[in-house]
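This is final12.pdb (PDB, C-alpha atoms).
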```pdb
ATOM      1  CA  MET A 213     -65.027-101.598  26.566
ATOM      2  CA  GLN A 214     -64.389-101.732  22.822
ATOM      3  CA  LEU A 215     -66.639 -98.705  22.289
ATOM      4  CA  GLN A 216     -64.654 -96.737  24.776
ATOM      5  CA  LEU A 217     -61.391 -97.682  23.044
ATOM      6  CA  ILE A 218     -62.744 -96.688  19.636
ATOM      7  CA  SER A 219     -63.934 -93.354  20.997
ATOM      8  CA  PHE A 220     -60.501 -92.668  22.523
ATOM      9  CA  VAL A 221     -58.764 -93.382  19.185
ATOM     10  CA  LEU A 222     -61.143 -91.061  17.324
ATOM     11  CA  ILE A 223     -60.506 -88.277  19.835
ATOM     12  CA  ILE A 224     -56.712 -88.666  19.415
ATOM     13  CA  LEU A 225     -56.963 -88.577  15.617
ATOM     14  CA  HIS A 226     -59.174 -85.500  15.760
ATOM     15  CA  CYS A 227     -56.681 -83.696  17.970
ATOM     16  CA  MET A 228     -53.788 -84.640  15.669
ATOM     17  CA  ASP A 229     -55.669 -83.208  12.684
ATOM     18  CA  TYR A 230     -56.419 -80.031  14.600
ATOM     19  CA  ASN A 231     -52.758 -79.519  15.625
ATOM     20  CA  GLY A 232     -51.620 -80.215  12.080
ATOM     21  CA  CYS A 233     -53.956 -77.558  10.788
ATOM     22  CA  GLN A 234     -52.707 -75.129  13.397
ATOM     23  CA  GLN A 235     -49.083 -75.880  12.503
ATOM     24  CA  HIS A 236     -49.831 -75.505   8.803
ATOM     25  CA  SER A 237     -51.557 -72.189   9.437
ATOM     26  CA  SER A 238     -48.656 -71.029  11.622
ATOM     27  CA  SER A 239     -46.124 -72.051   8.949
ATOM     28  CA  ARG A 240     -48.097 -70.156   6.305
ATOM     29  CA  ASN A 241     -48.234 -67.057   8.508
ATOM     30  CA  ARG A 242     -44.486 -67.291   9.239
ATOM     31  CA  HIS A 243     -43.821 -67.607   5.507
ATOM     32  CA  LYS A 244     -45.814 -64.453   4.905
ATOM     33  CA  GLN A 245     -43.748 -62.718   7.600
ATOM     34  CA  ILE A 246     -40.463 -63.875   6.031
ATOM     35  CA  SER A 247     -41.536 -62.810   2.565
ATOM     36  CA  GLY A 248     -42.453 -59.465   4.074
ATOM     37  CA  VAL A 249     -38.970 -59.094   5.564
ATOM     38  CA  SER A 250     -37.236 -59.930   2.302
ATOM     39  CA  SER A 251     -39.752 -57.746   0.430
ATOM     40  CA  GLY A 252     -40.193 -60.514  -2.147
ATOM     41  CA  CYS A 253     -40.987 -59.214  -5.619
ATOM     42  CA  GLN A 254     -41.330 -55.721  -4.262
ATOM     43  CA  GLN A 255     -37.564 -55.374  -4.465
ATOM     44  CA  GLY A 256     -36.414 -53.415  -7.488
ATOM     45  CA  GLY A 257     -33.662 -55.924  -8.348
ATOM     46  CA  CYS A 258     -35.871 -59.010  -8.569
ATOM     47  CA  LEU A 259     -36.575 -60.440 -12.000
ATOM     48  CA  THR A 260     -38.614 -63.455 -10.833
ATOM     49  CA  CYS A 261     -39.686 -64.369  -7.307
ATOM     50  CA  SER A 262     -42.017 -66.312  -5.072
ATOM     51  CA  ASP A 263     -43.789 -65.399  -1.866
ATOM     52  CA  TYR A 264     -42.076 -68.239  -0.053
ATOM     53  CA  ASN A 265     -38.449 -68.057  -1.339
ATOM     54  CA  GLY A 266     -38.186 -64.366  -2.193
ATOM     55  CA  CYS A 267     -36.159 -63.511  -5.317
ATOM     56  CA  LEU A 268     -35.543 -66.451  -7.628
ATOM     57  CA  SER A 269     -33.534 -64.477 -10.209
ATOM     58  CA  CYS A 270     -32.156 -60.946 -10.451
ATOM     59  CA  LYS A 271     -32.018 -58.265 -13.064
ATOM     60  CA  PRO A 272     -28.701 -57.739 -14.913
ATOM     61  CA  ARG A 273     -25.834 -56.250 -12.791
ATOM     62  CA  PHE A 274     -27.563 -57.352  -9.538
ATOM     63  CA  PHE A 275     -26.154 -60.082  -7.283
ATOM     64  CA  MET A 276     -28.262 -62.847  -5.800
ATOM     65  CA  HIS A 277     -27.655 -63.102  -2.053
ATOM     66  CA  LEU A 278     -29.275 -65.765   0.156
ATOM     67  CA  GLU A 279     -30.247 -64.468   3.584
ATOM     68  CA  ARG A 280     -30.646 -67.139   6.267
ATOM     69  CA  ILE A 281     -33.660 -66.611   8.529
ATOM     70  CA  GLY A 282     -33.939 -69.482  10.990
ATOM     71  CA  MET A 283     -33.828 -72.648   8.907
ATOM     72  CA  LYS A 284     -34.855 -70.896   5.701
ATOM     73  CA  GLN A 285     -32.914 -68.989   3.022
ATOM     74  CA  ILE A 286     -34.548 -66.031   1.290
ATOM     75  CA  GLY A 287     -33.238 -64.710  -2.028
ATOM     76  CA  VAL A 288     -32.365 -60.979  -2.108
ATOM     77  CA  CYS A 289     -31.055 -59.048  -5.139
ATOM     78  CA  MET A 290     -28.309 -56.486  -4.294
ATOM     79  CA  THR A 291     -26.127 -54.070  -6.252
ATOM     80  CA  SER A 292     -23.073 -55.227  -4.242
ATOM     81  CA  CYS A 293     -22.447 -58.090  -1.877
ATOM     82  CA  PRO A 294     -22.481 -57.483   1.907
ATOM     83  CA  PRO A 295     -19.325 -57.715   4.099
ATOM     84  CA  GLY A 296     -18.009 -61.250   4.366
ATOM     85  CA  PHE A 297     -19.133 -62.110   0.804
ATOM     86  CA  TYR A 298     -17.658 -61.555  -2.635
ATOM     87  CA  GLY A 299     -19.463 -61.309  -5.951
ATOM     88  CA  THR A 300     -18.996 -63.620  -8.897
ATOM     89  CA  ARG A 301     -20.510 -62.900 -12.308
ATOM     90  CA  SER A 302     -21.538 -65.372 -14.963
ATOM     91  CA  PRO A 303     -23.811 -65.241 -18.021
ATOM     92  CA  GLU A 304     -26.478 -67.187 -16.129
ATOM     93  CA  ARG A 305     -26.524 -65.233 -12.860
ATOM     94  CA  ASN A 306     -24.444 -63.136 -10.501
ATOM     95  CA  THR A 307     -24.140 -64.509  -6.993
ATOM     96  CA  CYS A 308     -22.703 -63.524  -3.609
ATOM     97  CA  THR A 309     -20.346 -66.160  -2.206
ATOM     98  CA  LYS A 310     -19.190 -66.276   1.410
ATOM     99  CA  CYS A 311     -15.523 -65.548   2.146
ATOM    100  CA  ARG A 312     -13.283 -67.996   3.932
ATOM    101  CA  SER A 313     -13.950 -68.325   7.641
ATOM    102  CA  GLU A 314     -10.840 -66.351   8.651
ATOM    103  CA  CYS A 315     -11.668 -63.456   6.289
ATOM    104  CA  ASP A 316     -13.708 -60.477   7.379
ATOM    105  CA  SER A 317     -13.910 -59.319   3.760
ATOM    106  CA  CYS A 318     -12.419 -60.662   0.551
ATOM    107  CA  PHE A 319     -11.921 -60.027  -3.121
ATOM    108  CA  ASN A 320     -12.411 -63.627  -4.131
ATOM    109  CA  LYS A 321     -12.166 -67.064  -2.592
ATOM    110  CA  ASN A 322      -8.373 -67.002  -2.350
ATOM    111  CA  PHE A 323      -7.718 -63.314  -1.634
ATOM    112  CA  CYS A 324      -8.754 -61.723   1.654
ATOM    113  CA  THR A 325      -8.790 -57.942   2.069
ATOM    114  CA  ARG A 326      -9.376 -57.882   5.841
ATOM    115  CA  CYS A 327      -9.060 -60.569   8.492
ATOM    116  CA  ARG A 328     -11.142 -61.498  11.466
ATOM    117  CA  ALA A 329      -9.838 -61.083  15.020
ATOM    118  CA  ASP A 330      -6.673 -63.098  15.876
ATOM    119  CA  PHE A 331      -5.741 -63.319  12.162
ATOM    120  CA  TYR A 332      -3.331 -61.036  10.284
ATOM    121  CA  LEU A 333      -3.369 -60.224   6.588
ATOM    122  CA  HIS A 334      -0.320 -60.946   4.454
ATOM    123  CA  LEU A 335      -0.390 -61.104   0.654
ATOM    124  CA  GLY A 336      -4.149 -61.786   0.608
ATOM    125  CA  LYS A 337      -3.964 -64.552   3.219
ATOM    126  CA  CYS A 338      -5.125 -64.398   6.822
ATOM    127  CA  LEU A 339      -2.455 -65.900   9.062
ATOM    128  CA  GLU A 340      -2.307 -66.587  12.770
ATOM    129  CA  ASN A 341       1.451 -65.935  12.819
ATOM    130  CA  CYS A 342       3.357 -63.541  10.569
ATOM    131  CA  PRO A 343       6.363 -64.647   8.473
ATOM    132  CA  GLU A 344       9.907 -63.922   9.604
ATOM    133  CA  GLY A 345      10.849 -60.238   9.425
ATOM    134  CA  LEU A 346       7.243 -59.111   9.926
ATOM    135  CA  VAL A 347       5.304 -58.299  13.070
ATOM    136  CA  ARG A 348       1.591 -58.342  13.862
ATOM    137  CA  SER A 349      -0.411 -55.120  13.908
ATOM    138  CA  ASP A 350      -3.588 -55.452  15.980
ATOM    139  CA  ILE A 351      -4.852 -52.097  14.713
ATOM    140  CA  GLN A 352      -4.493 -52.910  10.998
ATOM    141  CA  ARG A 353      -4.845 -56.671  11.448
ATOM    142  CA  GLU A 354      -1.915 -57.045   9.090
ATOM    143  CA  CYS A 355       1.621 -58.342   9.098
ATOM    144  CA  ILE A 356       3.825 -55.250   8.855
ATOM    145  CA  PRO A 357       7.601 -54.938   8.529
ATOM    146  CA  LYS A 358       9.728 -54.734  11.620
ATOM    147  CA  CYS A 359      10.937 -51.129  11.367
ATOM    148  CA  PRO A 360      14.404 -49.827  12.260
ATOM    149  CA  ALA A 361      14.793 -48.287  15.712
ATOM    150  CA  ASP A 362      14.446 -44.685  14.445
ATOM    151  CA  CYS A 363      11.256 -45.394  12.446
ATOM    152  CA  GLU A 364       7.717 -44.735  13.520
ATOM    153  CA  SER A 365       6.391 -46.626  10.457
ATOM    154  CA  CYS A 366       8.026 -48.253   7.435
ATOM    155  CA  THR A 367       7.400 -50.176   4.245
ATOM    156  CA  ASN A 368      10.159 -52.705   4.927
ATOM    157  CA  SER A 369      13.075 -53.227   7.272
ATOM    158  CA  GLU A 370      15.151 -50.591   5.422
ATOM    159  CA  THR A 371      12.651 -47.943   4.255
ATOM    160  CA  CYS A 372      10.962 -45.628   6.764
ATOM    161  CA  THR A 373       7.800 -43.740   5.885
ATOM    162  CA  GLN A 374       7.708 -41.758   9.151
ATOM    163  CA  CYS A 375      10.496 -41.053  11.626
ATOM    164  CA  ARG A 376      10.358 -40.715  15.372
ATOM    165  CA  PRO A 377       9.915 -37.164  16.754
ATOM    166  CA  ASP A 378      12.908 -34.780  16.323
ATOM    167  CA  LEU A 379      14.342 -36.881  13.471
ATOM    168  CA  TYR A 380      14.473 -35.880   9.805
ATOM    169  CA  GLN A 381      13.575 -38.235   6.965
ATOM    170  CA  LEU A 382      15.660 -38.515   3.812
ATOM    171  CA  SER A 383      15.257 -41.237   1.178
ATOM    172  CA  GLY A 384      13.569 -43.671   3.587
ATOM    173  CA  ARG A 385      16.092 -43.132   6.397
ATOM    174  CA  CYS A 386      15.959 -41.085   9.596
ATOM    175  CA  HIS A 387      18.698 -38.609  10.552
ATOM    176  CA  HIS A 388      19.478 -36.605  13.666
ATOM    177  CA  VAL A 389      21.512 -34.193  11.499
ATOM    178  CA  CYS A 390      20.960 -33.824   7.756
ATOM    179  CA  PRO A 391      23.952 -34.828   5.601
ATOM    180  CA  GLY A 392      25.939 -32.378   3.473
ATOM    181  CA  ASP A 393      24.132 -30.447   0.730
ATOM    182  CA  TYR A 394      20.865 -30.964   2.671
ATOM    183  CA  GLU A 395      19.208 -28.858   5.322
ATOM    184  CA  PRO A 396      16.490 -29.610   7.925
ATOM    185  CA  ASN A 397      12.898 -28.654   7.225
ATOM    186  CA  ASP A 398      11.222 -28.420  10.645
ATOM    187  CA  LYS A 399       7.754 -28.096   9.116
ATOM    188  CA  LEU A 400       7.946 -31.307   7.079
ATOM    189  CA  MET A 401      10.560 -32.960   9.332
ATOM    190  CA  GLU A 402      12.533 -33.856   6.233
ATOM    191  CA  CYS A 403      16.007 -33.185   4.877
ATOM    192  CA  THR A 404      15.608 -30.996   1.797
ATOM    193  CA  ALA A 405      18.263 -30.104  -0.732
ATOM    194  CA  GLN A 406      20.102 -26.845  -0.112
ATOM    195  CA  VAL A 407      19.590 -24.111  -2.694
ATOM    196  CA  ASN A 408      22.561 -21.819  -3.328
ATOM    197  CA  CYS A 409      22.301 -18.291  -4.664
ATOM    198  CA  GLU A 410      22.763 -17.790  -8.402
ATOM    199  CA  VAL A 411      23.513 -14.430 -10.055
ATOM    200  CA  GLY A 412      23.691 -13.291 -13.667
ATOM    201  CA  GLU A 413      26.476 -11.594 -15.642
ATOM    202  CA  TRP A 414      27.776  -8.109 -14.833
ATOM    203  CA  SER A 415      26.319  -5.210 -16.769
ATOM    204  CA  GLU A 416      28.520  -2.671 -18.594
ATOM    205  CA  TRP A 417      30.132   0.075 -16.517
ATOM    206  CA  SER A 418      27.998   3.188 -16.319
ATOM    207  CA  PRO A 419      29.292   6.610 -17.543
ATOM    208  CA  CYS A 420      31.564   8.453 -15.121
ATOM    209  CA  THR A 421      29.311  10.617 -12.913
ATOM    210  CA  ARG A 422      29.484  12.781  -9.834
ATOM    211  CA  SER A 423      26.443  13.839  -7.853
ATOM    212  CA  GLY A 424      24.312  12.711 -10.755
ATOM    213  CA  ARG A 425      26.178  14.890 -13.293
ATOM    214  CA  THR A 426      28.425  13.822 -16.163
ATOM    215  CA  CYS A 427      30.265  17.171 -16.609
ATOM    216  CA  GLY A 428      31.807  19.958 -14.587
ATOM    217  CA  PHE A 429      34.208  17.708 -12.626
ATOM    218  CA  LYS A 430      37.452  15.762 -13.051
ATOM    219  CA  ARG A 431      37.054  12.814 -10.618
ATOM    220  CA  GLY A 432      33.878  10.753 -10.475
ATOM    221  CA  GLN A 433      32.541   7.172 -10.124
ATOM    222  CA  GLU A 434      31.427   4.338 -12.408
ATOM    223  CA  THR A 435      29.002   1.554 -11.368
ATOM    224  CA  ARG A 436      27.865  -1.845 -12.662
ATOM    225  CA  THR A 437      25.231  -4.351 -11.429
ATOM    226  CA  ARG A 438      24.006  -7.941 -11.883
ATOM    227  CA  GLN A 439      20.660  -9.671 -11.234
ATOM    228  CA  VAL A 440      19.858 -12.435  -8.695
ATOM    229  CA  LEU A 441      18.647 -15.453 -10.673
ATOM    230  CA  GLN A 442      18.054 -17.819  -7.701
ATOM    231  CA  HIS A 443      17.603 -16.759  -4.079
ATOM    232  CA  PRO A 444      19.233 -19.122  -1.560
ATOM    233  CA  SER A 445      17.479 -21.378   0.949
ATOM    234  CA  PRO A 446      18.039 -20.685   4.684
ATOM    235  CA  PHE A 447      21.232 -22.777   4.795
ATOM    236  CA  GLY A 448      22.364 -22.246   1.191
ATOM    237  CA  ASN A 449      25.297 -20.136   0.045
ATOM    238  CA  PRO A 450      24.359 -16.430   0.281
ATOM    239  CA  CYS A 451      24.419 -14.101  -2.708
ATOM    240  CA  PRO A 452      27.655 -12.227  -3.543
ATOM    241  CA  GLU A 453      27.734  -8.471  -4.185
ATOM    242  CA  ILE A 454      25.349  -7.473  -6.930
ATOM    243  CA  SER A 455      26.796  -3.951  -7.473
ATOM    244  CA  GLU A 456      30.320  -2.488  -7.778
ATOM    245  CA  ILE A 457      31.676   1.089  -7.772
ATOM    246  CA  LYS A 458      35.087   2.347  -8.928
ATOM    247  CA  GLU A 459      36.779   5.748  -9.241
ATOM    248  CA  CYS A 460      37.160   7.326 -12.677
ATOM    249  CA  LEU A 461      38.857  10.372 -14.262
ATOM    250  CA  VAL A 462      37.425  12.501 -17.039
ATOM    251  CA  LYS A 463      38.696  15.504 -19.001
ATOM    252  CA  ARG A 464      37.248  18.492 -17.267
ATOM    253  CA  LYS A 465      34.626  20.261 -19.314
ATOM    254  CA  LYS A 466      31.986  22.815 -18.601
ATOM    255  CA  CYS A 467      28.414  21.693 -18.578
ATOM    256  CA  PRO A 468      26.121  23.217 -21.256
ATOM    257  CA  GLY A 469      24.398  26.344 -19.930
ATOM    258  CA  VAL A 470      26.647  26.612 -16.862
ATOM    259  CA  HIS A 471      28.505  29.777 -18.190
ATOM    260  CA  ARG A 472      25.287  31.755 -18.614
ATOM    261  CA  LYS A 473      24.144  30.648 -15.207
ATOM    262  CA  SER A 474      27.435  31.829 -13.718
ATOM    263  CA  GLU A 475      27.077  35.229 -15.439
ATOM    264  CA  ARG A 476      23.535  35.637 -14.128
ATOM    265  CA  ARG A 477      24.675  34.640 -10.684
ATOM    266  CA  GLU A 478      27.602  37.087 -10.817
ATOM    267  CA  ARG A 479      25.368  39.895 -12.047
ATOM    268  CA  ARG A 480      22.899  39.153  -9.283
ATOM    269  CA  ASN A 481      25.712  39.206  -6.740
ATOM    270  CA  ARG A 482      26.958  42.594  -8.095
ATOM    271  CA  ASN A 483      23.487  44.047  -7.881
ATOM    272  CA  ASN A 484      23.168  42.764  -4.337
ATOM    273  CA  ARG A 485      26.523  44.341  -3.438
ATOM    274  CA  LYS A 486      25.531  47.646  -5.030
ATOM    275  CA  GLU A 487      22.238  47.632  -3.219
ATOM    276  CA  LYS A 488      24.027  46.864  -0.001
ATOM    277  CA  GLU A 489      26.571  49.645  -0.616
ATOM    278  CA  THR A 490      23.777  52.085  -1.440
ATOM    279  CA  GLN A 491      21.935  51.265   1.725
ATOM    280  CA  GLU A 492      25.161  51.563   3.724
ATOM    281  CA  GLY A 493      25.911  54.989   2.137
ATOM    282  CA  ARG A 494      22.453  56.196   2.949
ATOM    283  CA  ARG A 495      22.841  55.147   6.542
ATOM    284  CA  GLU A 496      26.311  56.819   6.699
ATOM    285  CA  ARG A 497      25.002  60.105   5.225
ATOM    286  CA  LYS A 498      22.118  60.033   7.674
ATOM    287  CA  ARG A 499      24.515  59.565  10.570
ATOM    288  CA  GLU A 500      26.677  62.466   9.201
ATOM    289  CA  ARG A 501      23.666  64.783   9.007
ATOM    290  CA  GLU A 502      22.625  63.851  12.479
ATOM    291  CA  ARG A 503      26.167  64.559  13.728
ATOM    292  CA  HIS A 504      26.299  68.020  12.021
ATOM    293  CA  THR A 505      22.875  68.853  13.376
ATOM    294  CA  SER A 506      23.959  67.934  16.887
ATOM    295  CA  GLU A 507      27.168  69.953  16.626
ATOM    296  CA  ARG A 508      25.291  73.000  15.297
ATOM    297  CA  GLU A 509      22.799  72.750  18.119
ATOM    298  CA  ASP A 510      25.639  72.516  20.647
ATOM    299  CA  SER A 511      27.356  75.574  19.108
ATOM    300  CA  ASP A 512      24.131  77.593  19.181
ATOM    301  CA  ASN A 513      23.579  76.688  22.815
ATOM    302  CA  ARG A 514      27.108  77.813  23.736
ATOM    303  CA  ASN A 515      26.701  81.124  21.892
ATOM    304  CA  LYS A 516      23.426  81.808  23.651
ATOM    305  CA  THR A 517      25.009  81.091  27.034
ATOM    306  CA  GLU A 518      27.952  83.419  26.376
ATOM    307  CA  HIS A 519      25.662  86.167  25.134
ATOM    308  CA  ARG A 520      23.559  85.985  28.277
ATOM    309  CA  HIS A 521      26.715  86.065  30.381
ATOM    310  CA  ARG A 522      28.006  89.243  28.673
ATOM    311  CA  ARG A 523      24.713  90.995  28.993
ATOM    312  CA  GLY A 524      24.759  90.295  32.717
ATOM    313  CA  HIS A 525      28.127  92.117  33.175
ATOM    314  CA  ASP A 526      27.072  95.201  31.185
ATOM    315  CA  THR A 527      23.969  95.899  33.301
ATOM    316  CA  GLU A 528      25.558  95.444  36.781
ATOM    317  CA  PRO A 529      24.738  98.622  39.178
ATOM    318  CA  ILE A 530      27.559 101.013  40.505
ATOM    319  CA  SER A 531      27.978 101.067  44.305
ATOM    320  CA  PRO A 532      28.327 104.483  46.354
ATOM    321  CA  GLN A 533      31.856 103.768  47.239
ATOM    322  CA  SER A 534      32.781 103.331  43.664
ATOM    323  CA  ALA A 535      31.215 106.692  42.977
ATOM    324  CA  LEU A 536      33.242 108.488  45.706
ATOM    325  CA  VAL A 537      36.435 107.101  44.415
ATOM    326  CA  GLN A 538      35.693 108.509  41.092
TER     327      GLN A 538
END
```
Kindly return the structure encoded in the file as structure tokens.
Amino acid sequence: MQLQLISFVLIILHCMDYNGCQQHSSSRNRHKQISGVSSGCQQGGCLTCSDYNGCLSCKPRFFMHLERIGMKQIGVCMTSCPPGFYGTRSPERNTCTKCRSECDSCFNKNFCTRCRADFYLHLGKCLENCPEGLVRSDIQRECIPKCPADCESCTNSETCTQCRPDLYQLSGRCHHVCPGDYEPNDKLMECTAQVNCEVGEWSEWSPCTRSGRTCGFKRGQETRTRQVLQHPSPFGNPCPEISEIKECLVKRKKCPGVHRKSERRERRNRNNRKEKETQEGRRERKRERERHTSEREDSDNRNKTEHRHRRGHDTEPISPQSALVQ
């Protein structure tokens, strides 16, 4: 009986040793897996490390971040801390520290930059309820001002950054109609300052002219102009007249070279008249010759007819009766 009991105890102890060895082997294998995940000393930021705990210290400018894997924490060296952590630097080492529980991301322990769901950011704090005068924005997860009725968005209760459709913004306020000295800009949906036309000084009056000439007339015109310095905006004051014309009188004088031109023109006209008269005379003399020729032909024809008629009477025969009478 005692031998059987001793044998049973030995068997139990042997099994316990075997399981312990298996567990130790399994733990060592899992450690190798974990060190493989964290890359251990293979990471470029590690200064010192171990196969079991990963990075133990980091190179300058790198942050030490502890990654939790199951019940273990593995050291990882990073150039910047992951979301939900903020970096702190010190001469000994730079570390990544977890943000407050209500922060999704933070700048330091007391200043959140984004809040988790059901919390709203206000002045670096994540609040469940916004202060008076502010409302919650589920999209931004922030406490934003309660805008005036005409505002689409605003910076505070009096300053709009964007108006509702069909309204025009001016100095943080929304207008249906732009106030005086301002005009609507439908592209920007803003009230912009009106720009009125500006013109320069009048020029001197030009010399008295007529049809582009400055001589050979008594009544003419003078002109003066001015330049547009600033063109108006669509609703600004339009430009006034930029040119003026007035009547003028001058002492009549002949233009240089006009007398000789007149003489040449008169001589040309005389020559034309003479040529015309010559041609007319030639035509008249031709008509006269033709008339004389026609009259002479008519006279000759009459003479020939009369001559034939007389010859016919002279040669007429004498009848027998006429001879007896004689």
Choose the residue, out of A:Pro391, A:Leu400, A:Thr300, A:Ile356, that has the smallest atom-to-atom separation from Cys375 (chain A); count only C-alpha atoms.
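Among the listed residues, A:Leu400 lies closest to Cys375 (chain A).
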What's the 8 Å shell around region 363-374 of chain A, counting only C-alpha atoms, without same-chain residues fewer than 3 positions away, as a list in words?
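Listing them by chain and then by number gives Gly345, Ile356, Pro357, Lys358, Cys359, Pro360, Gln381, Ser383, Gly384, Arg385 and Cys386 of chain A.
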Edge lengths and centre in Å to one decimal, as lines of an AutoDock Vina configuration file, of the axis-aligned box that encloses all listed atoms of region 257-273 of chain A with 5 Å added on every side?
```
center_x = -34.8
center_y = -62.1
center_z = -7.5
size_x = 28.0
size_y = 22.3
size_z = 24.9
```
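For the set A:Asn265, A:Thr325, A:Thr421, A:Asn481, the residue with the smallest atom-to-atom gap to Leu461 (chain A) is A:Thr421, counting all atoms listed in the file.
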What's the 12 Å shell around Phe319 (chain A), counting all atoms listed in the file, without same-chain residues fewer than 5 positions away, as a ChimeraX atom specification?
/A:293-300,308-312,324-327,336-337
For CA of Asn397 (chain A) and CA of Pro452 (chain A), determine how far apart the two atoms are, in Å to one decimal place.
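Atom-to-atom, CA of Asn397 (chain A) to CA of Pro452 (chain A), that is 24.6 Å.
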Please write as a ChimeraX atom specification the list of polymer residues whose atoms come within 6 Å of (-33.9, -66.2, -2.1), counting all atoms listed in the file and keeping to the coordinates of the file.
/A:265-268,278,285-288
Reference answer for the PyMOL selection byres ((chain A and resi 456) around 8), as a PDB file with C-alpha atoms, in the frame of the given file:
```
ATOM      1  CA  THR A 435      29.002   1.554 -11.368  1.00  0.00           C
ATOM      2  CA  ARG A 436      27.865  -1.845 -12.662  1.00  0.00           C
ATOM      3  CA  THR A 437      25.231  -4.351 -11.429  1.00  0.00           C
ATOM      4  CA  GLU A 453      27.734  -8.471  -4.185  1.00  0.00           C
ATOM      5  CA  ILE A 454      25.349  -7.473  -6.930  1.00  0.00           C
ATOM      6  CA  SER A 455      26.796  -3.951  -7.473  1.00  0.00           C
ATOM      7  CA  ILE A 457      31.676   1.089  -7.772  1.00  0.00           C
ATOM      8  CA  LYS A 458      35.087   2.347  -8.928  1.00  0.00           C
TER       9      LYS A 458
END
```
Go through the shown structure with the PyMOL selection byres ((chain A and resi 328) around 10) and write out the matching residues as a compact mmCIF listing (two decimals) with C-alpha atoms, in the frame of the given file.
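After the write, expr13.txt holds the following:
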```
# COMPACT_ATOMS: atom_id res chain seq x y z
CA GLY A 296 -18.01 -61.25 4.37
CA SER A 313 -13.95 -68.32 7.64
CA GLU A 314 -10.84 -66.35 8.65
CA CYS A 315 -11.67 -63.46 6.29
CA ASP A 316 -13.71 -60.48 7.38
CA SER A 317 -13.91 -59.32 3.76
CA ARG A 326 -9.38 -57.88 5.84
CA CYS A 327 -9.06 -60.57 8.49
CA ALA A 329 -9.84 -61.08 15.02
CA ASP A 330 -6.67 -63.10 15.88
CA PHE A 331 -5.74 -63.32 12.16
CA TYR A 332 -3.33 -61.04 10.28
CA LEU A 333 -3.37 -60.22 6.59
CA CYS A 338 -5.12 -64.40 6.82
CA ARG A 353 -4.84 -56.67 11.45
```
Length of the CA of Pro444 (chain A) to CA of Trp417 (chain A) vector [Å]
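Result for CA of Pro444 (chain A) versus CA of Trp417 (chain A): 26.7 Å, one decimal.
Across the structure, CA of Leu382 (chain A) and CA of Cys403 (chain A) are spaced 5.4 Å apart.
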So that I can check the surroundings of Val440 (chain A), please list as a PyMOL selection string every protein, DNA and RNA residue that reaches within 8 Å of it, counting all atoms listed in the file and ignoring chain neighbours fewer than 6 positions away.
chain A and resi 409-412+451+454
The PyMOL selection byres ((chain A and resi 432) around 7) resolved against shown file, as a PyMOL selection string:
chain A and resi 420-422+430-431+433+459-461
